[in-house]
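Raw upload_1.txt, compact mmCIF, C-alpha atoms and all ligand atoms:
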```txt
# COMPACT_ATOMS: atom_id res chain seq x y z
CA MET A 1 -141.06 -31.27 25.87
CA GLN A 2 -142.30 -33.81 23.37
CA TYR A 3 -139.83 -32.48 20.81
CA LEU A 4 -137.01 -32.66 23.33
CA ALA A 5 -137.84 -36.30 24.15
CA PHE A 6 -137.99 -37.11 20.45
CA GLY A 7 -134.64 -35.42 19.90
CA LEU A 8 -133.01 -37.40 22.68
CA ALA A 9 -134.48 -40.65 21.42
CA SER A 10 -133.18 -40.09 17.89
CA MET A 11 -129.76 -39.12 19.24
CA LEU A 12 -129.67 -42.38 21.20
CA ALA A 13 -130.76 -44.30 18.12
CA LEU A 14 -127.97 -42.68 16.10
CA ALA A 15 -125.44 -43.53 18.80
CA THR A 16 -126.50 -47.19 18.82
CA THR A 17 -126.54 -47.70 15.05
CA GLY A 18 -123.20 -45.89 14.89
CA LEU A 19 -121.55 -48.91 16.51
CA ALA A 20 -122.21 -51.27 13.63
CA GLN A 21 -122.75 -48.91 10.73
CA ASN A 22 -123.10 -50.65 7.40
CA ASP A 23 -121.53 -47.79 5.48
CA VAL A 24 -118.83 -49.58 3.49
CA GLN A 25 -120.43 -49.74 0.06
CA SER A 26 -119.48 -52.33 -2.56
CA HIS A 27 -119.09 -51.68 -6.26
CA PRO A 28 -122.41 -51.77 -8.14
CA PHE A 29 -123.69 -55.16 -9.31
CA GLN A 30 -126.65 -56.91 -10.85
CA LEU A 31 -128.42 -59.90 -9.34
CA VAL A 32 -128.77 -62.67 -11.90
CA VAL A 33 -131.01 -65.68 -11.46
CA HIS A 34 -129.67 -69.16 -12.20
CA SER A 35 -132.30 -71.85 -12.50
CA HIS A 36 -133.03 -75.26 -14.00
CA HIS A 37 -136.17 -73.59 -15.28
CA HIS A 38 -134.69 -72.28 -18.54
CA LYS A 39 -137.29 -69.50 -18.82
CA HIS A 40 -135.81 -67.89 -15.67
CA ASN A 41 -132.16 -68.85 -16.16
CA GLY A 42 -129.79 -65.90 -16.73
CA THR A 43 -132.42 -63.22 -16.07
CA ALA A 44 -131.37 -60.21 -13.99
CA LEU A 45 -133.59 -58.96 -11.17
CA GLY A 46 -135.05 -55.45 -11.31
CA ALA A 47 -136.50 -53.18 -8.66
CA CYS A 48 -140.25 -52.86 -9.27
CA HIS A 49 -142.85 -50.58 -7.70
CA GLU A 50 -144.88 -52.28 -4.94
CA GLY A 51 -146.13 -49.14 -3.15
CA ALA A 52 -145.14 -45.54 -2.38
CA GLY A 53 -141.34 -45.62 -2.11
CA ILE A 54 -141.39 -49.43 -1.87
CA GLU A 55 -139.85 -51.79 -4.42
CA GLY A 56 -139.82 -55.54 -4.82
CA LEU A 57 -137.30 -57.64 -6.74
CA CYS A 58 -138.95 -58.56 -10.01
CA LEU A 59 -137.74 -61.04 -12.57
CA GLY A 60 -136.37 -58.90 -15.42
CA GLY A 61 -135.36 -55.27 -15.58
CA GLY A 62 -131.78 -55.64 -14.39
CA SER A 63 -131.33 -52.93 -11.76
CA THR A 64 -128.06 -52.06 -10.08
CA PHE A 65 -127.60 -52.82 -6.38
CA HIS A 66 -124.93 -52.33 -3.73
CA PHE A 67 -123.88 -54.35 -0.71
CA ASN A 68 -123.16 -52.38 2.47
CA THR A 69 -121.05 -53.90 5.20
CA SER A 70 -119.49 -52.77 8.45
CA LYS A 71 -115.74 -52.36 8.66
CA ASN A 72 -115.88 -53.64 12.26
CA GLU A 73 -117.33 -57.02 11.39
CA GLU A 74 -115.65 -60.16 10.07
CA ALA A 75 -117.26 -63.14 8.34
CA THR A 76 -118.14 -65.89 10.83
CA ASN A 77 -118.17 -68.38 7.94
CA GLU A 78 -115.28 -67.65 5.58
CA PHE A 79 -116.78 -69.47 2.56
CA ALA A 80 -120.29 -68.06 3.01
CA GLY A 81 -119.04 -64.47 3.29
CA LYS A 82 -119.49 -61.45 5.49
CA THR A 83 -123.09 -60.41 6.22
CA GLY A 84 -124.40 -56.98 5.34
CA VAL A 85 -127.21 -55.00 3.74
CA LEU A 86 -128.43 -55.33 0.16
CA THR A 87 -129.29 -51.79 -0.96
CA TYR A 88 -131.08 -50.14 -3.85
CA SER A 89 -130.97 -46.44 -4.61
CA LEU A 90 -134.46 -45.08 -5.26
CA VAL A 91 -133.96 -42.06 -7.48
CA GLY A 92 -136.64 -39.38 -7.77
CA GLY A 93 -136.77 -35.95 -9.41
CA ASN A 94 -134.73 -34.29 -6.67
CA PHE A 95 -133.57 -37.10 -4.39
CA ALA A 96 -131.73 -40.42 -4.28
CA GLU A 97 -132.36 -42.63 -1.26
CA SER A 98 -130.31 -45.72 -0.46
CA GLN A 99 -132.86 -48.25 0.80
CA PRO A 100 -132.16 -51.53 2.63
CA MET A 101 -133.74 -54.85 1.68
CA ARG A 102 -135.73 -56.74 4.24
CA LEU A 103 -137.85 -59.84 4.02
CA VAL A 104 -141.53 -59.26 4.66
CA TYR A 105 -143.32 -62.23 6.18
CA ASN A 106 -146.89 -63.44 6.00
CA ASP A 107 -147.76 -65.35 9.18
CA ALA A 108 -149.94 -67.76 7.17
CA SER A 109 -147.21 -68.69 4.68
CA ASN A 110 -143.65 -70.00 4.49
CA VAL A 111 -142.93 -67.65 1.55
CA ALA A 112 -141.39 -64.26 2.41
CA VAL A 113 -140.91 -61.42 -0.07
CA PRO A 114 -137.86 -59.12 -0.19
CA LEU A 115 -138.72 -55.42 -0.28
CA PHE A 116 -136.67 -52.22 -0.37
CA GLU A 117 -138.27 -49.63 1.89
CA PRO A 118 -137.46 -46.25 3.44
CA SER A 119 -136.61 -47.87 6.76
CA ALA A 120 -133.63 -48.71 8.96
CA ASP A 121 -134.67 -52.38 9.20
CA TYR A 122 -132.93 -54.91 7.01
CA THR A 123 -132.45 -58.64 6.60
CA ALA A 124 -128.76 -59.52 6.64
CA VAL A 125 -127.53 -61.32 3.53
CA ALA A 126 -124.09 -62.38 2.32
CA PHE A 127 -122.34 -63.39 -0.90
CA ASP A 128 -120.27 -66.57 -0.82
CA LYS A 129 -117.00 -67.27 -2.66
CA HIS A 130 -119.05 -68.07 -5.80
CA ASN A 131 -121.03 -64.80 -5.48
CA ARG A 132 -124.20 -66.66 -4.51
CA MET A 133 -126.47 -64.64 -2.23
CA ASN A 134 -127.24 -66.42 1.02
CA ILE A 135 -128.77 -65.87 4.43
CA GLN A 136 -126.90 -67.16 7.44
CA SER A 137 -128.18 -68.57 10.68
CA TYR A 138 -126.40 -69.60 13.84
CA TYR A 139 -129.18 -71.90 15.07
CA ASP A 140 -130.30 -75.12 13.35
CA ASP A 141 -133.52 -76.40 14.95
CA THR A 142 -133.92 -79.41 12.65
CA VAL A 143 -132.17 -81.34 15.43
CA VAL A 144 -132.80 -81.51 19.18
CA PRO A 145 -131.11 -79.96 21.00
CA VAL A 146 -130.66 -77.07 18.56
CA ALA A 147 -127.31 -77.21 16.77
CA THR A 148 -125.18 -74.07 16.70
CA GLY A 149 -122.60 -72.73 14.27
CA THR A 150 -123.04 -70.32 11.36
CA LYS A 151 -124.50 -71.98 8.26
CA ALA A 152 -125.47 -70.43 4.93
CA TYR A 153 -128.86 -71.08 3.37
CA TYR A 154 -129.86 -70.52 -0.25
CA ARG A 155 -133.65 -70.78 -0.12
CA TRP A 156 -134.39 -68.42 -3.01
CA TYR A 157 -137.32 -68.97 -5.36
CA VAL A 158 -139.03 -67.05 -8.12
CA CYS A 159 -142.78 -66.93 -7.45
CA GLU A 160 -145.95 -65.12 -8.39
CA THR A 161 -146.35 -62.83 -5.37
CA ASP A 162 -148.51 -59.92 -4.26
CA ALA A 163 -146.74 -57.54 -1.89
CA GLY A 164 -148.69 -54.60 -3.26
CA GLU A 165 -148.77 -55.61 -6.92
CA GLU A 166 -149.03 -58.99 -8.64
CA TYR A 167 -145.59 -59.69 -10.05
CA THR A 168 -143.13 -62.49 -10.69
CA THR A 169 -140.60 -61.80 -7.94
CA LEU A 170 -137.78 -63.21 -5.92
CA ALA A 171 -138.95 -64.87 -2.71
CA TRP A 172 -137.42 -66.62 0.27
CA VAL A 173 -138.80 -69.82 1.73
CA MET A 174 -138.57 -70.28 5.48
CA GLY A 175 -137.49 -73.66 6.73
CA GLU A 176 -136.56 -76.79 4.83
CA PHE A 177 -139.97 -77.65 3.37
CA PRO A 178 -141.12 -76.72 -0.14
CA PRO A 179 -142.90 -73.39 -0.67
CA GLN A 180 -146.66 -73.58 -0.21
CA ASN A 181 -147.10 -71.13 -3.10
CA PRO A 182 -147.39 -73.55 -6.06
CA SER A 183 -145.93 -71.05 -8.56
CA CYS A 184 -142.49 -70.99 -6.89
CA ARG A 185 -139.44 -72.21 -8.80
CA ARG A 186 -136.07 -72.84 -7.13
CA VAL A 187 -133.27 -70.42 -8.14
CA GLN A 188 -129.82 -69.26 -7.10
CA VAL A 189 -129.13 -65.52 -7.02
CA ILE A 190 -125.69 -64.58 -8.35
CA ARG A 191 -123.93 -61.24 -7.92
CA GLU A 192 -122.38 -59.98 -11.15
CA PHE A 193 -120.41 -56.75 -10.84
CA VAL A 194 -121.14 -54.25 -13.61
C1 LIG B 1 -124.78 -47.65 2.11
O1 LIG B 1 -123.52 -47.02 2.20
C2 LIG B 1 -123.47 -45.73 1.59
C3 LIG B 1 -122.03 -45.23 1.67
O2 LIG B 1 -121.61 -45.13 3.01
C4 LIG B 1 -124.46 -44.80 2.28
O3 LIG B 1 -124.46 -43.55 1.64
C5 LIG B 1 -125.86 -45.40 2.23
O4 LIG B 1 -126.77 -44.60 2.96
C6 LIG B 1 -125.85 -46.81 2.83
N1 LIG B 1 -127.18 -47.39 2.64
C7 LIG B 1 -127.86 -48.03 3.60
C8 LIG B 1 -129.23 -48.50 3.27
O5 LIG B 1 -127.39 -48.22 4.71
C1 LIG B 2 -128.22 -71.60 -17.09
O1 LIG B 2 -127.29 -70.60 -17.53
C2 LIG B 2 -125.95 -70.96 -17.27
C3 LIG B 2 -125.03 -69.79 -17.61
O2 LIG B 2 -125.67 -68.72 -18.22
C4 LIG B 2 -125.59 -72.20 -18.09
O3 LIG B 2 -124.25 -72.57 -17.84
C5 LIG B 2 -126.54 -73.33 -17.71
O4 LIG B 2 -126.30 -74.44 -18.52
C6 LIG B 2 -127.99 -72.90 -17.83
N1 LIG B 2 -128.86 -73.95 -17.31
C7 LIG B 2 -130.03 -74.27 -17.86
C8 LIG B 2 -130.79 -75.37 -17.21
O5 LIG B 2 -130.47 -73.73 -18.86
```
In C-alpha cells, write the structure found in this file.
Ligand SMILES: *[C@@H]1O[C@H](CO)[C@@H](O)[C@H](O)[C@H]1NC(C)=O
Ligand SMILES: *[C@@H]1O[C@H](CO)[C@@H](O)[C@H](O)[C@H]1NC(C)=O
Amino acid sequence: MQYLAFGLASMLALATTGLAQNDVQSHPFQLVVHSHHHKHNGTALGACHEGAGIEGLCLGGGSTFHFNTSKNEEATNEFAGKTGVLTYSLVGGNFAESQPMRLVYNDASNVAVPLFEPSADYTAVAFDKHNRMNIQSYYDDTVVPVATGTKAYYRWYVCETDAGEEYTTLAWVMGEFPPQNPSCRRVQVIREFV
C-alpha cells in the first residue's frame, strides 16, 4: 500500500513538472567573473566539492555549464532574458547527472551560496543581452506599496564561504544592502560559450 501511494505521488509529481519542463539545453559555456578587483577579473568559475554529490561554484577551475529552459516560456523582460536552470553535469565512474543550481540561504545572513545538488529544486536565473547572469523578481519592496514588474538583479559577489568546505566562491547577496560577510567582492558573472 505504501509503495502504491509512493508510486502515485511520483506519477503526479512527474505530471506537474512535465508542464514546465526545463529540458531545452543550451550549448556549453563557462562562467567568467568580471570585477574591479583585478585578482578576480577574468577568472572562470569551477564546480568544487562541498559534500557528497554537492558542488559549489569556486573561483578558478573553469568548468562547463549548461542553461536549461522551457520551450513553453517566453522572457518577461526582453533585455534581461528568459529564465531557466543553470546546470552542471556531475560525472562519476559510471554515471553523469545533470544537477540544477539553487541558492542556499542562511537565516542569519544576507549572503546566499549557489550549490549544485541531486535535487529537483532550482533558483531561476537568466542571461541578459550582454550574457550577464541575473536573477529576476516581479516584486520590488523597496517602495510602499510594493512595485510590480519584472526587474533583473545582478547581486553577485565572490566571498570566502563555508557551505561544507572553506572556499572562495560565488555568492548572492539578498536585498540592496552590502554583504555582511566582509570578504565579499562585487562581481559580474558572464557567460562565454566554449
Ligand atoms: C537539462 O536538459 C537536458 C536535455 O533535455 C536533460 O538531459 C537534463 O536532465 C536537464 N537538466 C536539469 C537539471 O533539468
Ligand atoms: C577586467 O577584464 C576585462 C576583460 O578581460 C578588461 O576589459 C577590464 O579592463 C578589466 N578590468 C580590470 C579592473 O582589471
Protein and nucleic acid residues within 7 Å of ligand LIG 2 (chain B) (only C-alpha atoms and all ligand atoms) as a list in words: His34, Ser35, His36, His37, His38, Asn41 and Gly42 of chain A
Pairwise distance for atom CA of Ser137 of chain A and atom CA of Asn77 of chain A, rounded to one decimal in Å: 10.4 Å
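Considering all atoms listed in the file, every residue of the polymer chains approaching ligand LIG 1 (chain B) to 7 Å or closer is listed here: Asn22, Asp23, Val24, Gln25, Asn68, Val85, Thr87, Ser98, Gln99 and Pro100 of chain A.
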Let me make sure I understand: among A:Val143, A:Ala124, A:Leu170, A:Met133, which one has the smallest atom-to-atom distance to Gly46 of chain A if we use all atoms listed in the file? A:Leu170
Residues at most 6 Å from Phe65 of chain A, counting only C-alpha atoms, excluding those fewer than 5 positions away in the same chain, as a count of residues only? 4
Mind checking which residues fall within 9 Å of Gly62 of chain A, counting all atoms listed in the file, ignoring those fewer than 4 positions away in the same chain, and posting them as a PyMOL selection string? chain A and resi 30-32+43-47+58
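We find atom CA of Asp107 of chain A and atom CA of Arg191 of chain A to be spaced 29.6 Å apart.
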Any idea what the distance is between atom CA of Asn106 of chain A and atom CA of Gly175 of chain A?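 Result for atom CA of Asn106 of chain A versus atom CA of Gly175 of chain A: 13.9 Å, one decimal.
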Set the distance at 7 Å and use only C-alpha atoms: which residues neighbour Tyr139 of chain A once local chain neighbours fewer than 4 positions away are removed? I'd like the list as a list in words. Val146, Ala147, Thr148 and Gly149 of chain A
Of the residues A:Thr150, A:Ala108, A:Val91, A:Ser183, which is the one nearest to Tyr167 of chain A, using all atoms listed in the file?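 So, comparing all the options, the nearest one is A:Ser183.
For the residues A:Arg186, A:Gln21, A:Ile135, A:Thr168, ranking by smallest atom-to-atom distance to Gly60 of chain A using all atoms listed in the file places A:Thr168 first.
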Nearby residues (all atoms listed in the file) at most 9 Å from Val125 of chain A, same-chain spacing under 2 positions excluded, as a PyMOL selection string: chain A and resi 67+82-86+123+127+133-136
Which polymer residues, whether protein, DNA or RNA, lie within 12 Å of the coordinate (-135.0, -71.0, 1.7) when you count all atoms listed in the file? List them as a PyMOL selection string, using the chain letters and numbers from the file. chain A and resi 103+110-113+133-137+152-158+170-179+184-189
Contacts of Glu73 of chain A at 8 Å or less, counting only C-alpha atoms, minus same-chain residues fewer than 2 places along, as a PyMOL selection string? chain A and resi 20+69-71+75+82
Let's have the selection written as an mmCIF file, in the frame of the given file, with C-alpha atoms.
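Full text of selection-v4.cif as output:
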```
data_model
loop_
_atom_site.group_PDB
_atom_site.id
_atom_site.type_symbol
_atom_site.label_atom_id
_atom_site.label_comp_id
_atom_site.auth_asym_id
_atom_site.auth_seq_id
_atom_site.Cartn_x
_atom_site.Cartn_y
_atom_site.Cartn_z
ATOM 1 C CA ALA A 20 -122.210 -51.270 13.630
ATOM 2 C CA THR A 69 -121.050 -53.900 5.200
ATOM 3 C CA SER A 70 -119.490 -52.770 8.450
ATOM 4 C CA LYS A 71 -115.740 -52.360 8.660
ATOM 5 C CA ALA A 75 -117.260 -63.140 8.340
ATOM 6 C CA LYS A 82 -119.490 -61.450 5.490
#
```
Nearest to Gly92 of chain A among A:Asp141, A:Leu115, A:Ala52, A:Glu78, with distances taken over only C-alpha atoms: which residue is it? A:Ala52
Which residue gives the smallest distance to Ser26 of chain A among A:Arg102, A:Glu192, A:Glu97, A:Glu117, with all atoms listed in the file counted?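 The shortest atom-to-atom distance to Ser26 of chain A comes from A:Glu192.
Take the candidates A:Val194, A:Ala96, A:Val33, A:Cys48 and check each one against Asp162 of chain A using all atoms listed in the file; the shortest distance goes to A:Cys48.
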Quick one: axis-aligned box around all listed atoms of segment 86-101 of chain A, 8 Å on every side, centre and edge lengths in Å to one decimal, written as lines of an AutoDock Vina configuration file.
```
center_x = -132.6
center_y = -44.8
center_z = -3.4
size_x = 24.3
size_y = 37.0
size_z = 28.0
```
